[in-house]
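As provided, entry15.txt (compact mmCIF, C-alpha atoms and all ligand atoms) reads as follows.
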# COMPACT_ATOMS: atom_id res chain seq x y z
CA MET A 734 186.73 179.69 188.14
CA LYS A 735 185.22 177.08 190.45
CA PHE A 736 184.58 177.78 194.13
CA PHE A 737 185.23 175.03 196.65
CA ILE A 738 184.80 175.50 200.39
CA ASP A 739 187.71 174.35 202.55
CA THR A 740 186.05 173.03 205.70
CA ALA A 741 184.47 169.97 207.28
CA ASN A 742 181.86 172.11 209.04
CA LEU A 743 178.44 171.05 207.72
CA ASP A 744 176.69 174.34 208.63
CA GLN A 745 179.29 176.37 206.74
CA ILE A 746 179.08 174.00 203.76
CA ARG A 747 175.28 174.41 203.75
CA GLU A 748 175.58 178.22 203.99
CA ALA A 749 178.01 178.39 201.04
CA ASN A 750 175.90 175.93 199.06
CA ASP A 751 172.77 178.01 199.68
CA LEU A 752 174.50 180.94 197.96
CA GLY A 753 174.28 178.87 194.79
CA ILE A 754 177.93 179.36 193.85
CA LEU A 755 179.54 176.29 195.41
CA ASP A 756 181.25 173.76 193.13
CA GLY A 757 182.79 171.41 195.68
CA VAL A 758 184.48 170.87 199.05
CA THR A 759 188.00 170.15 200.24
CA THR A 760 188.80 168.68 203.62
CA ASN A 761 191.97 167.53 205.33
CA PRO A 762 192.71 165.59 208.54
CA SER A 763 193.18 168.84 210.52
CA LEU A 764 189.79 170.19 209.37
CA MET A 765 188.11 166.89 210.34
CA ALA A 766 189.77 166.98 213.78
CA LYS A 767 188.67 170.62 214.23
CA GLU A 768 185.04 169.45 213.91
CA GLY A 769 185.69 166.65 216.41
CA ILE A 770 185.21 163.93 213.74
CA ARG A 771 187.44 161.01 214.73
CA GLY A 772 187.69 157.32 213.83
CA GLU A 773 187.40 155.81 210.33
CA GLU A 774 183.69 155.06 210.57
CA ASN A 775 182.74 158.58 211.69
CA ILE A 776 185.06 160.20 209.18
CA ASN A 777 183.63 158.14 206.30
CA LYS A 778 180.07 158.95 207.38
CA HIS A 779 181.01 162.63 207.48
CA TYR A 780 182.28 162.48 203.88
CA VAL A 781 178.94 161.02 202.81
CA ASP A 782 177.09 163.78 204.74
CA ILE A 783 179.16 166.40 202.89
CA CYS A 784 178.48 164.74 199.51
CA ASN A 785 174.76 164.81 200.26
CA ILE A 786 174.87 168.62 200.70
CA VAL A 787 176.85 169.67 197.61
CA GLU A 788 176.77 168.56 194.00
CA GLY A 789 180.47 168.79 193.07
CA ASP A 790 183.75 167.08 193.91
CA VAL A 791 184.57 166.40 197.58
CA SER A 792 188.23 165.80 198.41
CA ALA A 793 188.90 163.14 201.04
CA GLU A 794 192.52 162.76 202.18
CA VAL A 795 194.35 159.46 202.68
CA ILE A 796 196.25 158.95 205.94
CA ALA A 797 198.67 156.26 204.73
CA THR A 798 202.00 157.40 203.29
CA ASP A 799 203.09 154.10 201.70
CA LEU A 800 202.03 153.23 198.16
CA ASP A 801 199.88 150.18 198.94
CA GLY A 802 198.23 151.94 201.87
CA MET A 803 197.39 155.06 199.84
CA ILE A 804 195.95 152.97 197.00
CA ARG A 805 193.92 150.80 199.40
CA GLU A 806 192.55 153.85 201.25
CA GLY A 807 191.91 155.73 198.02
CA GLU A 808 189.97 152.87 196.46
CA LYS A 809 187.93 152.48 199.65
CA LEU A 810 187.16 156.22 199.84
CA THR A 811 185.80 156.22 196.30
CA THR A 812 183.28 153.51 197.23
CA LEU A 813 181.71 155.92 199.77
CA HIS A 814 180.19 158.22 197.13
CA PRO A 815 180.70 159.00 193.42
CA GLN A 816 181.64 162.62 194.27
CA ILE A 817 184.73 161.61 196.28
CA VAL A 818 188.13 162.74 194.95
CA VAL A 819 191.13 161.09 196.63
CA LYS A 820 193.54 163.59 198.14
CA ILE A 821 197.13 162.35 198.01
CA PRO A 822 200.21 164.13 199.43
CA MET A 823 203.03 165.28 197.14
CA ILE A 824 205.58 162.65 198.12
CA LYS A 825 207.39 160.07 195.97
CA GLU A 826 204.95 157.26 196.79
CA GLY A 827 202.10 159.75 196.38
CA VAL A 828 203.09 160.42 192.76
CA LYS A 829 203.02 156.67 192.12
CA ALA A 830 199.63 156.37 193.83
CA ILE A 831 198.21 159.21 191.69
CA ARG A 832 199.48 157.50 188.55
CA TYR A 833 197.88 154.19 189.62
CA LEU A 834 194.53 155.70 190.69
CA ASN A 835 194.40 157.75 187.48
CA SER A 836 194.89 154.56 185.46
CA LYS A 837 191.83 153.15 187.25
CA GLY A 838 189.75 156.23 186.40
CA ILE A 839 189.79 157.53 190.00
CA LYS A 840 189.98 161.31 190.45
CA THR A 841 192.83 162.64 192.62
CA ASN A 842 193.82 165.91 194.27
CA CYS A 843 197.58 166.22 194.84
CA THR A 844 197.95 168.16 198.08
CA LEU A 845 200.75 169.94 199.97
CA VAL A 846 202.24 171.41 196.80
CA PHE A 847 204.65 174.32 197.29
CA SER A 848 206.65 174.53 194.05
CA ALA A 849 206.22 174.50 190.27
CA GLY A 850 208.40 171.37 190.08
CA GLN A 851 206.02 169.49 192.35
CA ALA A 852 203.09 170.70 190.24
CA ILE A 853 204.75 169.37 187.05
CA LEU A 854 205.14 165.94 188.67
CA ALA A 855 201.48 165.95 189.79
CA ALA A 856 200.33 166.78 186.25
CA LYS A 857 202.61 164.15 184.67
CA ALA A 858 201.17 161.56 187.08
CA GLY A 859 197.67 162.52 185.92
CA ALA A 860 196.27 164.28 189.00
CA THR A 861 192.80 165.74 188.45
CA TYR A 862 193.67 168.69 190.72
CA VAL A 863 196.91 170.11 192.06
CA SER A 864 196.68 172.04 195.34
CA PRO A 865 199.38 174.69 195.86
CA PHE A 866 199.07 176.16 199.41
CA ILE A 867 199.38 179.92 198.96
CA GLY A 868 198.72 181.08 202.54
CA ARG A 869 201.41 178.83 203.94
CA LEU A 870 203.89 180.23 201.38
CA ASP A 871 202.91 183.78 202.37
CA ASP A 872 203.55 182.73 205.99
CA ILE A 873 207.23 182.14 205.13
CA SER A 874 207.57 185.42 203.20
CA THR A 875 207.14 183.87 199.73
CA GLU A 876 204.53 185.18 197.29
CA GLY A 877 201.99 182.33 197.15
CA VAL A 878 199.86 183.81 194.37
CA GLU A 879 202.93 184.01 192.09
CA LEU A 880 203.22 180.24 192.30
CA ILE A 881 199.60 179.89 191.14
CA GLY A 882 200.34 182.03 188.07
CA GLN A 883 203.54 180.10 187.35
CA ILE A 884 201.76 176.73 187.46
CA VAL A 885 198.83 178.02 185.35
CA ASP A 886 201.32 179.21 182.69
CA ILE A 887 203.22 175.91 182.64
CA TYR A 888 200.05 173.82 182.43
CA ARG A 889 198.68 175.97 179.59
CA TYR A 890 201.99 175.77 177.71
CA TYR A 891 201.88 171.97 177.74
CA ASP A 892 198.10 171.62 177.69
CA PHE A 893 198.03 169.55 180.89
CA ASP A 894 194.52 168.54 181.97
CA THR A 895 195.28 168.93 185.70
CA GLN A 896 193.27 171.76 187.26
CA VAL A 897 195.05 174.30 189.44
CA LEU A 898 193.22 174.40 192.77
CA ALA A 899 194.52 177.32 194.82
CA ALA A 900 194.45 176.21 198.48
CA SER A 901 195.34 177.66 201.87
CA ILE A 902 193.45 180.83 201.02
CA ARG A 903 193.37 183.21 203.96
CA HIS A 904 191.44 186.28 202.78
CA THR A 905 189.22 187.76 200.11
CA MET A 906 192.07 189.36 198.11
CA HIS A 907 193.67 185.93 197.70
CA ILE A 908 190.53 184.87 195.81
CA VAL A 909 190.63 187.91 193.51
CA GLN A 910 194.38 187.51 192.92
CA CYS A 911 193.94 183.81 192.07
CA ALA A 912 191.21 184.76 189.58
CA GLU A 913 193.56 187.32 187.99
CA VAL A 914 196.25 184.70 187.35
CA GLY A 915 193.81 182.12 186.01
CA ALA A 916 193.39 179.55 188.81
CA ASP A 917 190.86 176.91 187.79
CA VAL A 918 189.54 176.51 191.34
CA VAL A 919 189.86 178.32 194.66
CA THR A 920 189.16 176.51 197.89
CA CYS A 921 188.58 178.79 200.83
CA PRO A 922 186.96 179.04 204.23
CA LEU A 923 183.48 180.60 204.34
CA ASP A 924 184.59 184.06 205.55
CA PRO A 925 186.73 184.99 202.52
CA ILE A 926 183.87 183.87 200.24
CA LEU A 927 181.37 186.07 202.12
CA GLY A 928 183.97 188.87 202.13
CA LEU A 929 183.59 189.11 198.35
CA LEU A 930 180.07 190.46 198.93
CA LYS A 931 181.18 193.45 200.91
CA HIS A 932 181.58 197.02 199.71
CA PRO A 933 180.69 200.09 201.80
CA LEU A 934 179.37 201.91 198.71
CA THR A 935 176.90 199.06 198.13
CA ASP A 936 175.57 199.47 201.68
CA ILE A 937 175.44 203.28 201.44
CA GLY A 938 173.83 203.16 197.99
CA LEU A 939 171.19 200.64 199.04
CA GLU A 940 170.35 202.64 202.17
CA LYS A 941 169.85 205.77 200.03
CA PHE A 942 167.73 203.98 197.41
CA LEU A 943 165.43 202.59 200.11
CA ALA A 944 165.25 205.93 201.94
CA ASP A 945 164.34 207.76 198.68
CA HIS A 946 161.72 205.14 197.84
CA ASN A 947 160.11 205.57 201.26
CA LYS A 948 160.03 209.41 201.14
CA LYS A 949 156.50 210.79 201.49
C1 LIG B 1001 193.65 172.39 200.99
O1 LIG B 1001 193.01 171.52 200.46
C2 LIG B 1001 193.88 172.46 202.45
O2 LIG B 1001 192.83 171.78 203.08
C3 LIG B 1001 193.84 173.86 202.99
O3 LIG B 1001 193.57 174.81 202.00
C4 LIG B 1001 194.97 174.21 203.89
O4 LIG B 1001 194.77 175.51 204.37
P1 LIG B 1001 195.54 176.10 205.62
O5 LIG B 1001 196.95 176.41 205.20
O6 LIG B 1001 194.79 177.34 205.99
O7 LIG B 1001 195.51 175.04 206.70
Once more with this new file: its structure as structure tokens, please.
Ligand code: E4P
Amino acid sequence: MKFFIDTANLDQIREANDLGILDGVTTNPSLMAKEGIRGEENINKHYVDICNIVEGDVSAEVIATDLDGMIREGEKLTTLHPQIVVKIPMIKEGVKAIRYLNSKGIKTNCTLVFSAGQAILAAKAGATYVSPFIGRLDDISTEGVELIGQIVDIYRYYDFDTQVLAASIRHTMHIVQCAEVGADVVTCPLDPILGLLKHPLTDIGLEKFLADHNKK
């Protein structure tokens, strides 16, 4: 399972990358705005800064919602850096844009996916990644992780190449649950990733080992 970090915060990206387990980054317009990155020039520069920190895929989201606009933006984003993956929303024109960009050899991440039907369309269009938002489903009393398992099963059944990228991860258990159902990628904020490190018995055990070692 690949680990992506879901942030536009450069310090957090560096911290996750320094752990040596980071495979990529996802961003979205809200995450860019949260870091105060505004205007096309600044946003594009920020994508390049992110690509210069990590080695893997970096998702950059289009703002246009019409087919020509999404294609134009997508093609421009890919000129920024070879690691850029174009993030396209799951709408009718988005499916067409994914199909077109895929035919040009451009990697895509189909975002804002909330059902297995949408995930089937993304795979048929040739998306590199599909991003089901599990936390937002949990927010409306629907089991988000179940959707991940359902999509993984369907993709395996038909041997689709599209990778299931579990998004909108809110806590450490989401990561473990996504691993249990076979997600290809999890994208999460830094805290849930660091949360995987924690166990009180590790802390107690280490304290005792060190104390015993230091006994006179
Ligand atoms: C995915 O790529 C999105 O950027 C993200 O995971 C959305 O998460 P949220 O629901 O916490 O905003």
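Atom CA of Ile824 of chain A sits 22.7 Å away from atom CA of Val758 of chain A.
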Need the shell around segment 811-819 of chain A: protein/DNA/RNA residues with any atom at most 7 Å away, counting all atoms listed in the file. Skip same-chain ones fewer than 3 positions apart. Format as a list of chain:residue names?
A:Val781, A:Cys784, A:Gly789, A:Asp790, A:Val791, A:Ser792, A:Ala793, A:Glu794, A:Gly807, A:Glu808, A:Lys840, A:Thr841, A:Asn842
Test item: residues at most 10 Å from Ile853 of chain A, all atoms listed in the file, excluding those fewer than 4 positions along its chain, as a ChimeraX atom specification
/A:848-849,857-859,863,884,887-888,893,895
Could the centre and edge lengths of an axis-aligned box, enclosing all atoms of ligand LIG 1001 (chain B) in the file with 4 Å extra on each side, be given in Å to one decimal as JSON?
{"center_x": 194.9, "center_y": 174.4, "center_z": 203.6, "size_x": 12.1, "size_y": 13.8, "size_z": 14.2}
Between A:Glu773, A:Glu879, A:Asp756, A:Asp751, smallest distance to Gln910 of chain A by all atoms listed in the file belongs to A:Glu879
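Taking all atoms listed in the file into account, the residues that come within 6 Å of ligand LIG 1001 (chain B) are Asp739, Thr759, Thr760, Asn761, Gly868, Arg869, Ala900 and Ser901 of chain A.
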Can you write just those residues out, C-alpha atoms, as a PDB file, keeping the file's coordinate frame?
ATOM      1  CA  ASP A 739     187.710 174.350 202.550  1.00  0.00           C
ATOM      2  CA  THR A 759     188.000 170.150 200.240  1.00  0.00           C
ATOM      3  CA  THR A 760     188.800 168.680 203.620  1.00  0.00           C
ATOM      4  CA  ASN A 761     191.970 167.530 205.330  1.00  0.00           C
ATOM      5  CA  GLY A 868     198.720 181.080 202.540  1.00  0.00           C
ATOM      6  CA  ARG A 869     201.410 178.830 203.940  1.00  0.00           C
ATOM      7  CA  ALA A 900     194.450 176.210 198.480  1.00  0.00           C
ATOM      8  CA  SER A 901     195.340 177.660 201.870  1.00  0.00           C
TER       9      SER A 901
END
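Between atom CA of Gly915 of chain A and atom CA of Val885 of chain A there is a distance of 6.5 Å.
Comparing A:Ile776, A:Ala855, A:Leu752, A:Leu880 by their smallest distance to Ile926 of chain A, the closest is A:Leu752 (using all atoms listed in the file).
Atom CA of Leu743 of chain A to atom CA of Gly877 of chain A spans 28.2 Å [interatomic distance, one decimal].
Nearest-residue note for Val787 of chain A: choosing from A:Met765, A:Leu810, A:Ile738, A:Leu939, the minimum distance belongs to A:Ile738, counting only C-alpha atoms.
Among A:Ala899, A:Met906, A:Ile754, A:Ala912, the residue with the shortest atom-to-atom distance to Pro925 of chain A, counting all atoms listed in the file, is A:Met906.
When all atoms listed in the file are used to measure the gap to Glu788 of chain A, the shortest distance among A:Lys809, A:Arg903, A:Lys949, A:Arg747 belongs to A:Arg747.
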Closest of A:Ile902, A:Thr875, A:Ile746, A:Leu927 to Asn785 of chain A, counting only C-alpha atoms, is A:Ile746
Write out as a PyMOL selection string which residues come within 8 Å of Cys911 of chain A when counting all atoms listed in the file, dropping same-chain ones fewer than 2 positions away.
chain A and resi 878+881-882+899+907-909+913-916+919
Restrict the selected residues to C-alpha atoms and save them as a short mmCIF file (atom, residue, chain, number, x, y, z; two decimals), keeping the file's coordinate frame.
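Dumped to out_8.cif:
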data_model
loop_
_atom_site.label_atom_id
_atom_site.label_comp_id
_atom_site.auth_asym_id
_atom_site.auth_seq_id
_atom_site.Cartn_x
_atom_site.Cartn_y
_atom_site.Cartn_z
CA VAL A 878 199.86 183.81 194.37
CA ILE A 881 199.60 179.89 191.14
CA GLY A 882 200.34 182.03 188.07
CA ALA A 899 194.52 177.32 194.82
CA HIS A 907 193.67 185.93 197.70
CA ILE A 908 190.53 184.87 195.81
CA VAL A 909 190.63 187.91 193.51
CA GLU A 913 193.56 187.32 187.99
CA VAL A 914 196.25 184.70 187.35
CA GLY A 915 193.81 182.12 186.01
CA ALA A 916 193.39 179.55 188.81
CA VAL A 919 189.86 178.32 194.66
#
Can you complete the atoms of segment 883-896 of chain A to N, CA and C atoms and list them as a short mmCIF file (atom, residue, chain, number, x, y, z; two decimals), keeping the file's coordinate frame?
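Resulting contents of result.cif:
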data_model
loop_
_atom_site.label_atom_id
_atom_site.label_comp_id
_atom_site.auth_asym_id
_atom_site.auth_seq_id
_atom_site.Cartn_x
_atom_site.Cartn_y
_atom_site.Cartn_z
N GLN A 883 202.46 180.88 187.99
CA GLN A 883 203.54 180.10 187.35
C GLN A 883 203.02 178.73 186.91
N ILE A 884 202.27 178.07 187.79
CA ILE A 884 201.76 176.73 187.46
C ILE A 884 200.72 176.82 186.33
N VAL A 885 199.84 177.83 186.42
CA VAL A 885 198.83 178.02 185.35
C VAL A 885 199.54 178.17 184.00
N ASP A 886 200.59 178.99 183.95
CA ASP A 886 201.32 179.21 182.69
C ASP A 886 201.93 177.91 182.17
N ILE A 887 202.57 177.17 183.06
CA ILE A 887 203.22 175.91 182.64
C ILE A 887 202.17 174.92 182.12
N TYR A 888 201.08 174.78 182.85
CA TYR A 888 200.05 173.82 182.43
C TYR A 888 199.46 174.21 181.08
N ARG A 889 199.26 175.54 180.88
CA ARG A 889 198.68 175.97 179.59
C ARG A 889 199.67 175.70 178.46
N TYR A 890 200.94 175.95 178.73
CA TYR A 890 201.99 175.77 177.71
C TYR A 890 202.00 174.34 177.19
N TYR A 891 201.83 173.39 178.11
CA TYR A 891 201.88 171.97 177.74
C TYR A 891 200.50 171.33 177.62
N ASP A 892 199.46 172.16 177.82
CA ASP A 892 198.10 171.62 177.69
C ASP A 892 197.81 170.48 178.66
N PHE A 893 198.34 170.56 179.87
CA PHE A 893 198.03 169.55 180.89
C PHE A 893 196.56 169.67 181.28
N ASP A 894 195.94 168.54 181.57
CA ASP A 894 194.52 168.54 181.97
C ASP A 894 194.34 168.87 183.45
N THR A 895 195.37 168.71 184.25
CA THR A 895 195.28 168.93 185.70
C THR A 895 194.80 170.34 186.01
N GLN A 896 193.80 170.44 186.90
CA GLN A 896 193.27 171.76 187.26
C GLN A 896 194.02 172.34 188.45
#
